[in-house]
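Chemist: Quick one: the structure is below, and I'll ask about it shortly.
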Amino acid sequence: MSIGHSFLGLLEGRPRHGYDLKRAYDERFSPGRPLHHGQVYATLSRLLKNGLVVVDGLEPGEGPERKRYAVTDAGITDVQSWLSQPEKPEPYLQSVLYTKVVLALMTGRPADEILDVQRTEHLRLMREVTRRKTGGDLAEQLICDHALFHLEADLRWLELTAARLNELAARVRP
Amino acid sequence: MTEPLLVGTDLFKMYGTTPALRGSSLTVRAGEIVAVMGSSGSGKSTLLHCLAGIVRPDDGTVVYAGRQISAMSDVERSALRRRDFGFVFQFGQLVPELTCVENVALPLRLDGVRRKEAERRSREWLDRLEVGDVAGKLPGQISGGQGQRIAVARALVTEPKVVFADEPTGALDSLNGEKVMQLLGQAARDTGAAVVLVTHEPRVAAYADREVVVRDGASLDLERVA
């Protein structure tokens with residue numbers, strides 16, 4: 001997740017101070033996993049240094065004055081460029097699970113048990129995410145759906161592999 | 001933990017020379033949702049049919065609330081299915097000549113409830129499942145998602161102790177499937193009904209409290225093994 005680009009996008013709506021940016025980011029993009037304050041201010045410092053945001057004003061508060069940040073034209077161009085580029089699809093070609101299954105078969109261990117244990121763990125997490133989704137708003141539901149579809153893809157792989165264990169064993173056993 | 005409500009033990013069933021169940025067992029407790037998963041032909045639907053008293057196993061026992069189902073007469077089993085069990089199938093299986101509210105009222109009418117009272121209770125369930133607006137329509141005039149919600153209402157209108165759902169979202173798109181599962185799960189929890197949910201879809205199974213896998217006619221409770 002590019003925190004910097006997300007901040008630029010949030011600042012396009014209106015100038016905000018750091019705490020406001022953090023709150024908006026946490027609510028919209030990362031519920032349950034809030035940003036650390038250090039991440040917020042490190043990101044803003046970098047954006048300032050690169051000319052993508054400017055300090056738009058100072059807001060008096062009960063404590064020290066708070067800087068209000070605004071996005072620059074260069075910042076808007078940067079976020080537009082980021083949005084228009086597709087994300088690189090993750091090919092997942094270095095699967096730890098695959099390695100475990102092959103090693104189990106090569107060493108005469110029960111590979112089907114490895115798959116079953118993993119299946120149980122995946123479904124346990126799916127139930128947890130489904131409960132979170134059921135109680136969540138639309139944004140939360142979409143975030144949970146993304147996780148659920150990925151977990152489901154893993155489960156389908158586990159099922160397919162379980163069905164092909166004998167074939168795989170014949171190929172990998174010395 | 002609550003006492004077991006429905007217990008199938010060492011169930012065997014052959015269809016001709018093909019074994020469908022080979023020593024399958026499953027325990028369901030009151031109010032829990034159990035997902036029965038497995039690939040096509042694994043025996044998961046046969047297991048559901050045996051537990052529900054639709055199919056008589058060749059060997060093994062099914063005990064519901066302390067009574068052995070396979071020892072009951074056909075009349076007793078029919079009454080049990082009508083009063084204590086509810087059913088949802090993949091394609092709804094609504095009666096095409098009856099309106100939606102009449103379909104939902106059907107189990108009540110078969111059990112002797114007067115028409116007016118049966119339809120009043122049915123309309124409550126239709127509203128609960130957010131399909132009150134199609135009460136007067138025929139099944140052919142509504143969408144697949146609406147049809148499955150009608151089927152869920154029909155399964156729950158008698159407030160059964162156990163709902164048997166066999167691939168209840170199998171004919172629906174993702175969004176409608178999710179909605180049906182949310183409503184089914186919520187309604188079951190509200191009424192305290194247990195659900196035996198047969199599915200091959202992990203995202204549907206994730207609405208359950210636990211999962212049992214059927215492989216080659218035998219059931220595995222992976223969570224207890226793990």
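Just remember, in the structure tokens the first chain shown is A, the second B, etc., residues are 1-based per chain, and ligands are 1-based in the order shown.
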Per residue of chain B within 12 Å of chain A, which atom pair is closest and at what distance in Å (one decimal), using only C-alpha atoms, listed by chain and increasing number, as CSV?
Modeler:
residue,atom,partner,partner_atom,distance
B:Ile33,CA,A:Arg127,CA,11.8
B:Ala35,CA,A:Leu123,CA,10.8
B:Met37,CA,A:Glu159,CA,11.0
B:Gly38,CA,A:Glu159,CA,9.2
B:Ser39,CA,A:Glu159,CA,8.6
B:Ser174,CA,A:Asp145,CA,10.6
B:Leu175,CA,A:Asp145,CA,10.8
B:Glu178,CA,A:Thr134,CA,9.8
B:Lys179,CA,A:Thr134,CA,10.1
B:Met181,CA,A:Thr134,CA,10.4
B:Gln182,CA,A:Thr134,CA,7.4
B:Leu183,CA,A:Thr134,CA,10.5
B:Gly185,CA,A:Thr134,CA,10.5
B:Gln186,CA,A:Thr134,CA,10.0
B:His200,CA,A:Arg156,CA,10.0
B:Glu201,CA,A:Glu152,CA,8.3
B:Pro202,CA,A:Glu152,CA,6.1
B:Arg203,CA,A:Glu152,CA,6.7
B:Val204,CA,A:Thr130,CA,9.4
B:Ala205,CA,A:Arg127,CA,8.0
B:Ala206,CA,A:Arg127,CA,4.4
B:Tyr207,CA,A:Arg127,CA,6.2
B:Ala208,CA,A:Arg127,CA,7.3
B:Asp209,CA,A:Arg127,CA,7.6
B:Arg210,CA,A:Arg124,CA,8.2
B:Glu211,CA,A:Leu123,CA,8.2
B:Val212,CA,A:Thr120,CA,9.9
B:Val213,CA,A:Asp116,CA,9.8
B:Arg215,CA,A:Ala163,CA,10.5
B:Asp216,CA,A:Ala163,CA,11.6
B:Leu220,CA,A:Asp116,CA,10.0
B:Asp221,CA,A:Thr120,CA,9.8
B:Leu222,CA,A:Thr120,CA,6.6
B:Glu223,CA,A:Thr120,CA,6.3
B:Arg224,CA,A:Thr120,CA,9.8
B:Val225,CA,A:Val117,CA,8.6
B:Ala226,CA,A:Val117,CA,6.1
Chemist: Would you kindly return, as a PDB file with N, CA and C atoms, in the first residue's frame, each protein, DNA or RNA residue with an atom no farther than 8 Å from any atom of segment 159-163 of chain B, considering only C-alpha atoms and excluding same-chain residues fewer than 6 positions away?
Modeler:
ATOM      1  N   ALA B  30     -27.591 -28.399  19.150  1.00  0.00           N
ATOM      2  CA  ALA B  30     -28.657 -27.406  18.984  1.00  0.00           C
ATOM      3  C   ALA B  30     -28.056 -26.040  18.683  1.00  0.00           C
ATOM      4  N   GLY B  31     -28.580 -25.391  17.672  1.00  0.00           N
ATOM      5  CA  GLY B  31     -28.203 -24.012  17.385  1.00  0.00           C
ATOM      6  C   GLY B  31     -26.908 -23.819  16.626  1.00  0.00           C
ATOM      7  N   ARG B  83     -42.364 -31.173  10.972  1.00  0.00           N
ATOM      8  CA  ARG B  83     -42.447 -30.323  12.167  1.00  0.00           C
ATOM      9  C   ARG B  83     -41.080 -29.869  12.688  1.00  0.00           C
ATOM     10  N   ASP B  84     -40.121 -30.757  12.670  1.00  0.00           N
ATOM     11  CA  ASP B  84     -38.840 -30.436  13.323  1.00  0.00           C
ATOM     12  C   ASP B  84     -37.730 -30.086  12.345  1.00  0.00           C
ATOM     13  N   PHE B  85     -37.916 -30.434  11.079  1.00  0.00           N
ATOM     14  CA  PHE B  85     -36.862 -30.187  10.104  1.00  0.00           C
ATOM     15  C   PHE B  85     -37.342 -29.197   9.040  1.00  0.00           C
ATOM     16  N   GLY B  86     -36.399 -28.402   8.532  1.00  0.00           N
ATOM     17  CA  GLY B  86     -36.678 -27.541   7.387  1.00  0.00           C
ATOM     18  C   GLY B  86     -35.665 -27.857   6.300  1.00  0.00           C
ATOM     19  N   PHE B  87     -36.049 -27.617   5.046  1.00  0.00           N
ATOM     20  CA  PHE B  87     -35.162 -27.982   3.927  1.00  0.00           C
ATOM     21  C   PHE B  87     -35.010 -26.825   2.943  1.00  0.00           C
ATOM     22  N   VAL B  88     -33.765 -26.625   2.516  1.00  0.00           N
ATOM     23  CA  VAL B  88     -33.490 -25.682   1.422  1.00  0.00           C
ATOM     24  C   VAL B  88     -32.617 -26.417   0.416  1.00  0.00           C
ATOM     25  N   THR B 191     -33.703 -18.026  15.751  1.00  0.00           N
ATOM     26  CA  THR B 191     -34.699 -19.015  16.179  1.00  0.00           C
ATOM     27  C   THR B 191     -34.062 -20.184  16.926  1.00  0.00           C
ATOM     28  N   GLY B 192     -32.728 -20.215  16.975  1.00  0.00           N
ATOM     29  CA  GLY B 192     -32.038 -21.298  17.675  1.00  0.00           C
ATOM     30  C   GLY B 192     -31.971 -22.590  16.880  1.00  0.00           C
ATOM     31  N   ALA B 193     -32.262 -22.524  15.571  1.00  0.00           N
ATOM     32  CA  ALA B 193     -32.217 -23.737  14.741  1.00  0.00           C
ATOM     33  C   ALA B 193     -30.766 -24.111  14.438  1.00  0.00           C
ATOM     34  N   ALA B 194     -30.498 -25.404  14.414  1.00  0.00           N
ATOM     35  CA  ALA B 194     -29.208 -25.879  13.917  1.00  0.00           C
ATOM     36  C   ALA B 194     -29.304 -25.934  12.385  1.00  0.00           C
ATOM     37  N   VAL B 195     -28.177 -25.789  11.712  1.00  0.00           N
ATOM     38  CA  VAL B 195     -28.166 -25.885  10.250  1.00  0.00           C
ATOM     39  C   VAL B 195     -27.100 -26.888   9.819  1.00  0.00           C
ATOM     40  N   VAL B 196     -27.501 -27.824   8.972  1.00  0.00           N
ATOM     41  CA  VAL B 196     -26.537 -28.711   8.318  1.00  0.00           C
ATOM     42  C   VAL B 196     -26.427 -28.193   6.886  1.00  0.00           C
TER      43      VAL B 196
END
Chemist: DSSP on the backbone, then: every residue of chain A marked helix (DSSP H, G or I), written as a PyMOL selection string.
Modeler: chain A and resi 3-13+18-29+37-49+73-84+96-106+111-134+138-163+165-172
Chemist: Could you state the separation of atom CA of Thr9 of chain B and atom CA of Ser25 of chain B in Å, given to one decimal place?
Modeler: 4.4 Å
Chemist: Near Ala135 of chain B, counting only C-alpha atoms, which residues have an atom at most 8 Å away, once you skip same-chain residues fewer than 4 positions from it, shown as a PyMOL selection string?
Modeler: chain B and resi 99-101+123+126+131
Chemist: Find the spatial neighbours of Ile54 of chain B, counting only C-alpha atoms, within a cut-off of 9 Å - ignore same-chain residues fewer than 5 positions away - and output them as an MDAnalysis selection string.
Modeler: chainID B and resid 48:49 77:78 81
Chemist: DSSP says strand (DSSP E or B) for which residues of chain A? Put them as a ChimeraX atom specification?
Modeler: /A:16-17,53-59,66-71
Chemist: Write the residues you've just listed into a file as a short mmCIF file (atom, residue, chain, number, x, y, z; two decimals), in the first residue's frame, and include N, CA and C atoms for each of them.
Modeler:
data_model
loop_
_atom_site.label_atom_id
_atom_site.label_comp_id
_atom_site.auth_asym_id
_atom_site.auth_seq_id
_atom_site.Cartn_x
_atom_site.Cartn_y
_atom_site.Cartn_z
N ARG A 16 -5.45 19.24 4.83
CA ARG A 16 -5.68 18.60 6.14
C ARG A 16 -4.39 18.65 6.95
N HIS A 17 -4.53 18.58 8.25
CA HIS A 17 -3.32 18.43 9.07
C HIS A 17 -3.05 16.94 9.28
N VAL A 53 3.59 18.12 -1.70
CA VAL A 53 2.68 18.86 -0.81
C VAL A 53 3.39 20.11 -0.32
N VAL A 54 2.61 21.08 0.14
CA VAL A 54 3.19 22.28 0.79
C VAL A 54 2.45 22.49 2.10
N VAL A 55 3.09 23.26 2.98
CA VAL A 55 2.38 23.64 4.21
C VAL A 55 1.48 24.81 3.84
N ASP A 56 0.20 24.61 4.07
CA ASP A 56 -0.81 25.56 3.61
C ASP A 56 -1.16 26.57 4.69
N GLY A 57 -0.84 26.23 5.93
CA GLY A 57 -1.15 27.15 7.03
C GLY A 57 -0.91 26.47 8.36
N LEU A 58 -1.06 27.22 9.40
CA LEU A 58 -0.89 26.67 10.74
C LEU A 58 -2.20 26.80 11.48
N GLU A 59 -2.59 25.71 12.14
CA GLU A 59 -3.85 25.75 12.90
C GLU A 59 -3.53 25.81 14.37
N ARG A 66 -0.56 23.23 14.67
CA ARG A 66 -0.54 22.08 13.75
C ARG A 66 -0.42 22.59 12.32
N LYS A 67 0.48 21.93 11.57
CA LYS A 67 0.65 22.32 10.16
C LYS A 67 -0.48 21.73 9.33
N ARG A 68 -1.02 22.55 8.45
CA ARG A 68 -2.03 22.04 7.52
C ARG A 68 -1.35 21.87 6.16
N TYR A 69 -1.55 20.70 5.56
CA TYR A 69 -0.87 20.38 4.29
C TYR A 69 -1.85 20.46 3.12
N ALA A 70 -1.31 20.91 1.95
CA ALA A 70 -2.12 20.93 0.72
C ALA A 70 -1.32 20.25 -0.39
N VAL A 71 -2.02 19.61 -1.30
CA VAL A 71 -1.35 18.93 -2.40
C VAL A 71 -0.96 19.98 -3.47
#
Chemist: Using only C-alpha atoms for the distances, tell me which of B:Val36, B:Leu108, B:Ala155, B:Val180 is nearest to Gln93 of chain B.
Modeler: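 Ranking B:Val36, B:Leu108, B:Ala155, B:Val180 by distance to Gln93 of chain B, first place goes to B:Ala155.
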